[in-house]
file start.cif (mmCIF, C-alpha atoms)
data_upload
loop_
_atom_site.label_atom_id
_atom_site.label_comp_id
_atom_site.auth_asym_id
_atom_site.auth_seq_id
_atom_site.Cartn_x
_atom_site.Cartn_y
_atom_site.Cartn_z
CA VAL A 23 8.62 71.23 -48.92
CA THR A 24 6.07 70.39 -46.28
CA GLU A 25 7.07 69.40 -42.80
CA ALA A 26 6.06 65.82 -43.57
CA GLN A 27 8.19 65.74 -46.70
CA ASP A 28 11.07 67.18 -44.77
CA ARG A 29 10.77 64.32 -42.30
CA LEU A 30 11.39 61.92 -45.13
CA THR A 31 14.58 63.50 -46.37
CA VAL A 32 17.04 60.69 -46.52
CA ARG A 33 19.99 61.92 -44.57
CA ARG A 34 22.02 58.73 -44.79
CA LEU A 35 23.07 57.14 -48.06
CA PRO A 36 21.05 59.57 -50.17
CA GLU A 37 22.45 57.93 -53.32
CA LYS A 38 20.15 55.01 -52.63
CA GLN A 39 17.06 57.21 -52.66
CA VAL A 40 14.66 56.62 -55.56
CA ASP A 41 11.95 59.11 -56.48
CA ASP A 42 10.19 57.04 -59.13
CA ARG A 43 6.61 56.25 -58.23
CA ALA A 44 6.72 53.18 -60.50
CA VAL A 45 9.50 51.76 -58.33
CA LEU A 46 7.40 52.34 -55.22
CA ASP A 47 4.48 50.49 -56.81
CA ALA A 48 6.70 47.60 -57.91
CA ILE A 49 8.15 47.15 -54.43
CA LEU A 50 4.73 47.20 -52.81
CA ASP A 51 3.21 44.90 -55.42
CA ALA A 52 6.00 42.33 -55.01
CA GLY A 53 5.56 42.00 -51.24
CA ARG A 54 3.23 40.02 -49.05
CA VAL A 55 4.02 41.19 -45.51
CA ALA A 56 4.51 44.79 -44.46
CA HIS A 57 5.66 46.04 -41.08
CA ILE A 58 3.46 48.77 -39.69
CA ALA A 59 4.09 50.95 -36.65
CA VAL A 60 1.62 51.88 -33.95
CA VAL A 61 2.56 54.05 -30.99
CA ASP A 62 0.61 53.60 -27.78
CA GLU A 63 -0.21 56.17 -25.12
CA HIS A 64 3.09 55.47 -23.32
CA GLU A 65 5.17 56.43 -26.40
CA GLN A 66 5.88 52.75 -26.91
CA PRO A 67 5.98 51.87 -30.61
CA TYR A 68 4.98 48.46 -31.88
CA VAL A 69 6.01 47.04 -35.23
CA LEU A 70 3.45 44.56 -36.50
CA PRO A 71 3.68 42.29 -39.51
CA VAL A 72 0.55 42.68 -41.61
CA ALA A 73 -0.88 41.45 -44.87
CA TYR A 74 -1.44 44.31 -47.25
CA ALA A 75 -2.12 45.23 -50.85
CA ARG A 76 -1.68 48.33 -52.92
CA ASP A 77 -4.96 49.71 -54.23
CA GLY A 78 -4.06 52.43 -56.69
CA ASP A 79 -2.83 55.38 -54.68
CA ARG A 80 -3.21 53.79 -51.28
CA VAL A 81 -2.17 50.75 -49.30
CA LEU A 82 -4.79 48.56 -47.67
CA VAL A 83 -4.12 46.52 -44.54
CA HIS A 84 -6.63 44.41 -42.73
CA GLY A 85 -7.03 43.12 -39.24
CA SER A 86 -9.60 42.36 -36.62
CA THR A 87 -12.00 44.98 -35.35
CA GLY A 88 -11.04 43.65 -31.90
CA SER A 89 -7.40 44.67 -32.26
CA ARG A 90 -6.48 47.50 -29.93
CA LEU A 91 -3.57 48.58 -32.11
CA PHE A 92 -5.71 48.57 -35.24
CA ARG A 93 -8.27 50.72 -33.49
CA THR A 94 -5.48 53.13 -32.57
CA LEU A 95 -4.57 53.39 -36.24
CA ALA A 96 -8.18 53.82 -37.28
CA ALA A 97 -8.42 56.72 -34.83
CA GLY A 98 -5.82 58.61 -36.84
CA ALA A 99 -2.50 57.91 -35.12
CA TRP A 100 0.60 58.63 -37.14
CA THR A 101 1.97 55.48 -38.67
CA CYS A 102 4.67 54.13 -40.94
CA LEU A 103 4.32 51.12 -43.18
CA THR A 104 7.49 49.57 -44.54
CA VAL A 105 7.97 46.80 -47.09
CA THR A 106 11.46 45.40 -47.55
CA HIS A 107 12.80 42.86 -50.00
CA LEU A 108 16.20 41.42 -49.18
CA ASP A 109 17.84 40.60 -52.52
CA GLY A 110 21.27 39.51 -51.43
CA LEU A 111 24.33 39.96 -49.28
CA ILE A 112 27.01 42.28 -50.63
CA VAL A 113 30.22 40.55 -49.61
CA ALA A 114 33.03 43.11 -49.67
CA ARG A 115 36.72 42.72 -48.80
CA SER A 116 36.09 44.21 -45.36
CA ALA A 117 33.32 43.96 -42.81
CA PHE A 118 32.82 47.71 -42.95
CA GLU A 119 32.00 47.78 -46.67
CA SER A 120 29.83 44.68 -46.61
CA SER A 121 26.14 45.37 -46.84
CA MET A 122 22.94 44.14 -48.44
CA ARG A 123 21.07 44.39 -51.67
CA TYR A 124 17.55 45.41 -50.85
CA ARG A 125 14.50 47.33 -52.00
CA SER A 126 12.59 49.10 -49.27
CA ALA A 127 9.53 51.32 -49.37
CA MET A 128 8.38 53.40 -46.43
CA VAL A 129 4.98 55.11 -46.36
CA LEU A 130 4.18 57.70 -43.68
CA GLY A 131 0.83 59.11 -42.77
CA THR A 132 -2.41 58.35 -41.05
CA CYS A 133 -4.94 55.67 -41.90
CA ASP A 134 -8.63 55.84 -42.63
CA ALA A 135 -10.95 52.97 -41.85
CA VAL A 136 -12.48 51.75 -45.08
CA PRO A 137 -16.26 52.24 -44.78
CA GLY A 138 -18.56 49.26 -44.89
CA SER A 139 -19.75 50.04 -48.39
CA ASP A 140 -16.21 49.67 -49.73
CA LYS A 141 -15.07 46.73 -47.63
CA LEU A 142 -16.07 43.99 -50.06
CA ARG A 143 -14.09 45.49 -52.91
CA SER A 144 -11.12 46.06 -50.59
CA LEU A 145 -11.19 42.43 -49.48
CA GLU A 146 -11.12 41.45 -53.12
CA VAL A 147 -8.05 43.61 -53.69
CA LEU A 148 -6.32 42.06 -50.67
CA THR A 149 -7.16 38.51 -51.74
CA GLU A 150 -6.18 39.04 -55.36
CA HIS A 151 -2.87 40.57 -54.33
CA LEU A 152 -1.81 37.33 -52.65
CA LEU A 153 -3.21 34.90 -55.20
CA PRO A 154 -4.47 36.54 -58.39
CA ALA A 155 -7.63 34.97 -59.88
CA ARG A 156 -8.63 33.37 -56.59
CA TRP A 157 -11.42 35.71 -55.53
CA ALA A 158 -13.86 34.55 -58.23
CA THR A 159 -13.50 30.92 -57.09
CA LEU A 160 -14.57 31.59 -53.48
CA ARG A 161 -17.96 31.99 -51.90
CA ALA A 162 -18.89 35.57 -51.08
CA PRO A 163 -17.82 36.77 -47.63
CA LEU A 164 -20.58 36.62 -45.04
CA ALA A 165 -21.92 39.80 -43.53
CA LYS A 166 -20.53 38.77 -40.14
CA GLU A 167 -17.11 38.16 -41.66
CA ILE A 168 -17.07 41.57 -43.27
CA ALA A 169 -18.22 43.14 -40.02
CA ALA A 170 -15.41 41.46 -38.07
CA THR A 171 -12.76 42.74 -40.45
CA MET A 172 -11.25 46.17 -40.12
CA ILE A 173 -9.63 47.49 -43.26
CA LEU A 174 -7.40 50.51 -43.10
CA SER A 175 -6.18 52.60 -46.00
CA LEU A 176 -2.97 54.58 -45.99
CA PRO A 177 -2.51 57.07 -48.86
CA LEU A 178 0.63 56.92 -50.99
CA GLU A 179 1.39 60.59 -50.52
CA ASN A 180 4.40 60.75 -48.26
CA TRP A 181 6.76 57.94 -49.10
CA SER A 182 10.40 57.06 -49.47
CA VAL A 183 12.05 54.33 -51.48
CA LYS A 184 15.58 53.08 -51.13
CA VAL A 185 17.18 50.60 -53.47
CA SER A 186 20.58 49.00 -53.04
CA ASP A 187 21.40 46.86 -56.06
CA GLY A 188 25.11 47.28 -56.50
CA TRP A 189 28.38 45.53 -55.85
CA PRO A 190 31.02 45.79 -53.17
CA ASP A 191 32.46 49.29 -53.17
CA ASP A 192 35.80 48.70 -51.53
CA PRO A 193 38.38 51.48 -51.26
CA PRO A 194 41.38 51.13 -53.62
CA GLU A 195 43.70 50.02 -50.85
CA ASP A 196 41.56 46.94 -50.21
CA LEU A 197 41.22 45.76 -53.81
CA ASP A 198 44.34 43.61 -53.75
CA ALA A 199 43.35 41.81 -50.58
CA PRO A 200 43.22 38.05 -51.21
CA VAL A 201 39.56 38.01 -50.24
CA TRP A 202 36.70 36.89 -52.46
CA ALA A 203 34.12 39.61 -52.98
CA GLY A 204 30.77 39.61 -54.68
CA VAL A 205 27.10 39.10 -54.02
CA LEU A 206 25.19 36.19 -52.56
CA PRO A 207 21.76 36.51 -54.18
CA MET A 208 18.63 35.94 -52.11
CA ALA A 209 15.00 35.68 -53.09
CA THR A 210 11.67 34.33 -51.94
CA ALA A 211 11.03 30.76 -53.07
CA PHE A 212 7.73 28.94 -53.31
CA GLY A 213 7.36 25.25 -52.58
CA VAL A 214 4.90 22.68 -53.86
CA PRO A 215 1.37 23.42 -52.59
CA MET A 216 0.34 20.97 -49.85
CA PRO A 217 -3.32 19.91 -49.62
CA ALA A 218 -5.09 20.42 -46.30
CA PRO A 219 -5.46 17.28 -44.17
CA ASP A 220 -9.23 17.79 -44.12
CA LEU A 221 -9.63 18.26 -47.86
CA ARG A 222 -12.83 16.53 -49.02
CA GLY A 223 -13.55 15.17 -52.46
CA GLU A 224 -10.78 15.79 -54.89
CA PRO A 225 -11.02 19.42 -55.88
CA ALA A 226 -8.48 20.20 -58.56
CA MET A 227 -5.64 22.42 -57.58
CA PRO A 228 -6.58 25.72 -59.19
CA PRO A 229 -4.39 27.24 -61.92
CA TYR A 230 -3.50 30.11 -59.63
CA LEU A 231 -1.54 27.57 -57.60
CA SER A 232 -0.59 24.81 -60.05
CA ASP A 233 0.65 27.33 -62.61
CA TRP A 234 2.24 29.52 -59.98
CA ARG A 235 4.89 31.82 -61.35
CA PRO A 236 6.17 34.08 -58.63
CA VAL B 15 2.97 41.53 -14.30
CA THR B 16 4.79 44.76 -15.00
CA GLU B 17 3.30 47.48 -17.11
CA ALA B 18 5.69 46.61 -19.90
CA GLN B 19 4.70 42.95 -19.77
CA ASP B 20 1.08 43.94 -19.76
CA ARG B 21 1.64 45.92 -22.93
CA LEU B 22 2.74 42.75 -24.62
CA THR B 23 -0.30 40.71 -23.75
CA VAL B 24 -1.46 39.28 -27.03
CA ARG B 25 -5.07 40.25 -27.23
CA ARG B 26 -5.71 38.86 -30.67
CA LEU B 27 -5.17 35.21 -31.59
CA PRO B 28 -3.61 34.32 -28.23
CA GLU B 29 -3.38 30.69 -29.35
CA LYS B 30 -0.49 31.74 -31.55
CA GLN B 31 1.49 33.13 -28.62
CA VAL B 32 4.66 31.21 -27.77
CA ASP B 33 6.47 31.67 -24.46
CA ASP B 34 9.53 29.55 -25.20
CA ARG B 35 12.75 31.53 -25.15
CA ALA B 36 14.37 28.93 -27.42
CA VAL B 37 11.78 29.74 -30.09
CA LEU B 38 12.57 33.44 -29.76
CA ASP B 39 16.26 32.73 -30.23
CA ALA B 40 15.61 30.50 -33.24
CA ILE B 41 13.48 33.14 -34.97
CA LEU B 42 16.07 35.84 -34.37
CA ASP B 43 18.97 33.62 -35.39
CA ALA B 44 17.26 32.64 -38.66
CA GLY B 45 16.70 36.24 -39.81
CA ARG B 46 18.86 38.78 -41.55
CA VAL B 47 16.76 41.94 -41.59
CA ALA B 48 14.76 43.29 -38.67
CA HIS B 49 12.33 46.18 -38.73
CA ILE B 50 12.94 48.65 -35.93
CA ALA B 51 10.75 51.57 -34.87
CA VAL B 52 11.86 55.06 -34.00
CA VAL B 53 9.43 57.79 -33.02
CA ASP B 54 10.41 61.38 -33.70
CA GLU B 55 9.48 64.50 -31.77
CA HIS B 56 6.27 64.88 -33.81
CA GLU B 57 4.96 61.45 -32.72
CA GLN B 58 5.76 60.19 -36.20
CA PRO B 59 7.03 56.61 -36.09
CA TYR B 60 9.48 55.28 -38.65
CA VAL B 61 10.01 51.61 -39.39
CA LEU B 62 13.52 50.97 -40.65
CA PRO B 63 14.97 47.77 -42.04
CA VAL B 64 18.23 47.00 -40.25
CA ALA B 65 20.85 44.30 -40.15
CA TYR B 66 21.02 42.73 -36.72
CA ALA B 67 22.32 39.79 -34.76
CA ARG B 68 21.42 38.16 -31.48
CA ASP B 69 24.24 38.32 -28.95
CA GLY B 70 23.14 36.13 -26.07
CA ASP B 71 20.45 38.00 -24.19
CA ARG B 72 20.40 41.03 -26.42
CA VAL B 73 20.00 42.04 -30.04
CA LEU B 74 22.63 44.16 -31.74
CA VAL B 75 21.87 46.51 -34.60
CA HIS B 76 24.33 48.76 -36.32
CA GLY B 77 24.15 51.92 -38.30
CA SER B 78 25.99 55.14 -38.95
CA THR B 79 26.86 57.54 -36.16
CA GLY B 80 25.48 60.18 -38.55
CA SER B 81 21.98 58.73 -38.55
CA ARG B 82 19.50 60.98 -36.78
CA LEU B 83 17.15 58.09 -36.05
CA PHE B 84 19.94 55.96 -34.65
CA ARG B 85 20.98 58.79 -32.39
CA THR B 86 17.39 59.03 -31.17
CA LEU B 87 17.51 55.35 -30.27
CA ALA B 88 20.88 55.71 -28.59
CA ALA B 89 19.39 58.50 -26.46
CA GLY B 90 16.96 56.01 -24.95
CA ALA B 91 13.76 56.33 -26.97
CA TRP B 92 11.31 53.45 -26.66
CA THR B 93 11.62 51.11 -29.55
CA CYS B 94 10.33 47.87 -30.99
CA LEU B 95 12.34 45.48 -33.12
CA THR B 96 10.44 42.88 -35.09
CA VAL B 97 11.70 39.93 -37.12
CA THR B 98 9.20 38.08 -39.30
CA HIS B 99 9.59 34.94 -41.38
CA LEU B 100 6.84 34.29 -43.89
CA ASP B 101 6.61 30.52 -44.24
CA GLY B 102 3.62 30.16 -46.52
CA LEU B 103 0.13 31.13 -47.53
CA ILE B 104 -2.71 29.28 -45.78
CA VAL B 105 -5.24 28.84 -48.55
CA ALA B 106 -8.64 28.17 -46.96
CA ARG B 107 -12.04 27.63 -48.59
CA SER B 108 -12.98 31.24 -47.92
CA ALA B 109 -11.13 34.53 -48.04
CA PHE B 110 -11.96 35.13 -44.39
CA GLU B 111 -10.20 31.99 -43.13
CA SER B 112 -7.20 32.36 -45.40
CA SER B 113 -4.08 33.55 -43.65
CA MET B 114 -0.35 33.02 -43.45
CA ARG B 115 2.16 30.73 -41.88
CA TYR B 116 4.72 32.88 -40.14
CA ARG B 117 7.07 33.18 -37.22
CA SER B 118 7.39 36.62 -35.74
CA ALA B 119 9.37 37.95 -32.80
CA MET B 120 8.83 41.38 -31.31
CA VAL B 121 11.24 42.90 -28.79
CA LEU B 122 10.28 46.03 -26.86
CA GLY B 123 12.52 48.28 -24.82
CA THR B 124 15.21 50.89 -25.05
CA CYS B 125 18.63 50.58 -26.60
CA ASP B 126 22.06 51.24 -25.22
CA ALA B 127 24.91 52.36 -27.41
CA VAL B 128 27.64 49.73 -27.28
CA PRO B 129 30.75 51.40 -25.83
CA GLY B 130 33.89 51.67 -27.90
CA SER B 131 35.66 48.96 -25.94
CA ASP B 132 33.00 46.43 -26.94
CA LYS B 133 32.44 47.54 -30.52
CA LEU B 134 34.98 45.24 -32.14
CA ARG B 135 33.49 42.12 -30.59
CA SER B 136 29.99 43.31 -31.50
CA LEU B 137 31.02 43.83 -35.13
CA GLU B 138 32.33 40.28 -35.12
CA VAL B 139 28.98 39.00 -33.84
CA LEU B 140 27.13 40.96 -36.53
CA THR B 141 29.43 39.73 -39.31
CA GLU B 142 29.39 36.12 -38.16
CA HIS B 143 25.61 36.14 -37.95
CA LEU B 144 25.33 36.83 -41.68
CA LEU B 145 28.15 34.60 -42.88
CA PRO B 146 29.61 32.34 -40.19
CA ALA B 147 33.40 31.83 -40.36
CA ARG B 148 33.91 35.00 -42.41
CA TRP B 149 35.29 37.30 -39.73
CA ALA B 150 38.62 35.51 -39.41
CA THR B 151 39.25 35.88 -43.15
CA LEU B 152 38.98 39.67 -43.15
CA ARG B 153 41.39 42.41 -42.22
CA ALA B 154 40.74 44.02 -38.87
CA PRO B 155 38.40 47.01 -38.95
CA LEU B 156 40.18 50.35 -38.96
CA ALA B 157 39.83 52.69 -36.04
CA LYS B 158 38.00 55.18 -38.24
CA GLU B 159 35.59 52.49 -39.40
CA ILE B 160 34.80 51.51 -35.85
CA ALA B 161 34.36 55.14 -34.90
CA ALA B 162 31.89 55.71 -37.76
CA THR B 163 29.75 52.76 -36.71
CA MET B 164 27.10 53.03 -34.05
CA ILE B 165 26.08 49.76 -32.49
CA LEU B 166 22.98 49.58 -30.37
CA SER B 167 21.98 46.79 -28.04
CA LEU B 168 18.40 45.95 -27.11
CA PRO B 169 17.94 43.52 -24.22
CA LEU B 170 15.80 40.41 -24.70
CA GLU B 171 13.70 41.13 -21.64
CA ASN B 172 10.31 42.18 -22.92
CA TRP B 173 9.43 40.15 -25.97
CA SER B 174 6.61 38.40 -27.71
CA VAL B 175 6.65 35.54 -30.17
CA LYS B 176 3.84 34.45 -32.44
CA VAL B 177 3.95 31.35 -34.58
CA SER B 178 1.36 30.32 -37.13
CA ASP B 179 2.25 26.92 -38.56
CA GLY B 180 -1.10 25.25 -39.11
CA TRP B 181 -3.57 24.44 -41.83
CA PRO B 182 -6.79 26.04 -43.03
CA ASP B 183 -9.29 26.05 -40.19
CA ASP B 184 -12.54 26.29 -42.09
CA PRO B 185 -15.89 26.05 -40.33
CA PRO B 186 -17.78 22.76 -40.90
CA GLU B 187 -20.26 24.33 -43.30
CA ASP B 188 -17.44 25.23 -45.69
CA LEU B 189 -15.70 21.85 -45.78
CA ASP B 190 -17.76 20.47 -48.66
CA ALA B 191 -17.14 23.50 -50.86
CA PRO B 192 -15.50 22.42 -54.11
CA VAL B 193 -12.51 24.59 -53.37
CA TRP B 194 -8.95 23.38 -53.04
CA ALA B 195 -7.44 24.21 -49.66
CA GLY B 196 -3.98 23.81 -48.29
CA VAL B 197 -0.71 25.63 -47.87
CA LEU B 198 1.61 27.23 -50.40
CA PRO B 199 5.02 26.99 -48.71
CA MET B 200 7.42 29.91 -48.90
CA ALA B 201 11.02 30.24 -47.84
CA THR B 202 14.14 32.28 -48.45
CA ALA B 203 16.29 30.93 -51.28
CA PHE B 204 19.95 31.61 -51.95
CA GLY B 205 21.38 31.86 -55.45
CA VAL B 206 24.85 31.16 -56.79
CA PRO B 207 27.37 33.68 -55.45
CA MET B 208 28.37 36.21 -58.14
CA PRO B 209 31.95 37.56 -58.13
CA ALA B 210 32.42 41.33 -58.01
CA PRO B 211 33.25 42.96 -61.36
CA ASP B 212 36.42 44.40 -59.83
CA LEU B 213 37.66 41.16 -58.32
CA ARG B 214 41.45 40.96 -58.72
CA GLY B 215 43.55 37.85 -58.89
CA GLU B 216 41.55 34.70 -58.47
CA PRO B 217 40.76 34.42 -54.78
CA ALA B 218 38.97 31.16 -54.11
CA MET B 219 35.37 31.38 -53.13
CA PRO B 220 35.50 30.72 -49.39
CA PRO B 221 33.81 27.66 -47.90
CA TYR B 222 31.32 29.89 -46.08
CA LEU B 223 29.91 30.69 -49.51
CA SER B 224 30.72 27.68 -51.69
CA ASP B 225 29.46 25.25 -49.05
CA TRP B 226 26.52 27.45 -48.15
CA ARG B 227 23.72 25.61 -46.45
CA PRO B 228 20.98 28.00 -45.42
#
call {"tool": "encode", "arguments": {"input": "start.cif", "output": "structure tokens"}}
result
Amino acid sequence: VTEAQDRLTVRRLPEKQVDDRAVLDAILDAGRVAHIAVVDEHEQPYVLPVAYARDGDRVLVHGSTGSRLFRTLAAGAWTCLTVTHLDGLIVARSAFESSMRYRSAMVLGTCDAVPGSDKLRSLEVLTEHLLPARWATLRAPLAKEIAATMILSLPLENWSVKVSDGWPDDPPEDLDAPVWAGVLPMATAFGVPMPAPDLRGEPAMPPYLSDWRP
Amino acid sequence: VTEAQDRLTVRRLPEKQVDDRAVLDAILDAGRVAHIAVVDEHEQPYVLPVAYARDGDRVLVHGSTGSRLFRTLAAGAWTCLTVTHLDGLIVARSAFESSMRYRSAMVLGTCDAVPGSDKLRSLEVLTEHLLPARWATLRAPLAKEIAATMILSLPLENWSVKVSDGWPDDPPEDLDAPVWAGVLPMATAFGVPMPAPDLRGEPAMPPYLSDWRP
């Protein structure tokens, strides 16, 4: 057990810990926004929402080369990237036993800046993660656009997954309470795509949107 | 401008910065899971999903008194709590201009542990935030339950809000591209409440669930 692995030992609610790499991948692949930590020189952490995509055994995030916090990450600062899906409220007979259904993945480590030669492919991975099949319909990124984009990669080496997918777990003495108990399911919903006000011509809505199946 | 305020200067995309306290409150009040940072003694940050609630001019989060990371926060470590709502994908003519609609609130500072005398009221605030009108239907928390719960408060003093609610902002030379552009809306959806397998008797589903209006 390395020191880094030891850091990730789940000391609370260890029964929710999942060691299956396939579950990690599924949680990452189902998300669109991650929260990533950066600690500045005053020991002040920041938690930033970022777009991301899994690329095999690493997570890619992208931002502006002008971002101070991104540059801190590119310089090798320790970070943590977390993706959480809230799947429902677990409504128990008491406040104490009430909780949430969720799937959460936490990845610890340090980032590398993706080199210029690999940026184009990484941008494709990021774009395809959000809307599969879209990349091929777009013009190629311009050199200045690629240059203005910083892409960081975080290896999937030191990670932790927690899944809560159960029911209220009330103690026996609460089971006869005249209180409804169960789960209020929650999920991400997608609305009808809205055309941009400045849309010219009548380009067809592409299948990756009109046939959207989340 | 204090040092802490200076830290929060939004250096990227300042046009998305919002200074309205009412917007901060609305973002916090609409969320259910926050991501909070804790930095350990090895400069390793962790980003943890937590239940939370706004209580006037502070945010409350709760966890177990046995949580090492919660104890670190209670001891006064710098932290950051971020709440993000993803409202849609902004689908531009190019990958570079594509982005997201979101509302994000970041609160920086240090936490105080809520003293025992104020814990009960804080638990009520946390419970009512998730399901308003529920608290009065539940038995009172037991002394041992209250003792096992750590509640932290983070003041709403040093915060930053960013809102992206626009449309694709493509450069003029891209506007004639035969590419559909617009917004794919996203939101949190609630399903039909599911009764617990061990539900006894036939307690009515309470109005706070059957009349749920997110």
call {"tool": "interface_residues", "arguments": {"input": "start.cif", "of": "chain A", "to": "chain B", "cutoff": "6 Å", "atoms": "all atoms listed in the file", "output": "ChimeraX atom specification"}}
result
/A:66-68,100-102,116,160,200-213,215-218,225,227
call {"tool": "atom_distance", "arguments": {"input": "start.cif", "atom1": "atom CA of Asp132 of chain B", "atom2": "atom CA of Ala67 of chain B"}}
result
14.8 Å
call {"tool": "closest_residue", "arguments": {"input": "start.cif", "among": "B:Asp179, B:Val139, B:Ser174, B:Lys158", "to": "Leu74 of chain B", "atoms": "all atoms listed in the file"}}
result
B:Val139
call {"tool": "atom_distance", "arguments": {"input": "start.cif", "atom1": "atom CA of Ala169 of chain A", "atom2": "atom CA of Arg80 of chain A"}}
result
21.6 Å
call {"tool": "atom_distance", "arguments": {"input": "start.cif", "atom1": "atom CA of Ala96 of chain A", "atom2": "atom CA of Glu63 of chain A"}}
result
14.7 Å
call {"tool": "decode", "arguments": {"input": "start.cif", "residues": "segment 112-132 of chain B", "atoms": "C-alpha atoms", "output": "compact mmCIF listing (two decimals), in the first residue's frame"}}
result
# COMPACT_ATOMS: atom_id res chain seq x y z
CA SER B 112 -18.88 25.37 -27.82
CA SER B 113 -19.38 25.56 -24.09
CA MET B 114 -21.96 25.12 -21.37
CA ARG B 115 -24.77 26.98 -19.74
CA TYR B 116 -24.22 26.83 -16.02
CA ARG B 117 -24.62 28.62 -12.73
CA SER B 118 -21.82 28.13 -10.27
CA ALA B 119 -21.22 29.52 -6.81
CA MET B 120 -17.91 29.25 -4.99
CA VAL B 121 -17.53 30.10 -1.31
CA LEU B 122 -14.08 30.44 0.24
CA GLY B 123 -13.18 30.56 3.90
CA THR B 124 -12.88 28.49 7.02
CA CYS B 125 -15.59 26.55 8.80
CA ASP B 126 -16.77 26.61 12.36
CA ALA B 127 -18.23 23.56 14.02
CA VAL B 128 -21.81 24.32 15.01
CA PRO B 129 -22.03 24.03 18.80
CA GLY B 130 -24.27 21.43 20.38
CA SER B 131 -26.84 23.99 21.43
CA ASP B 132 -27.42 24.98 17.80
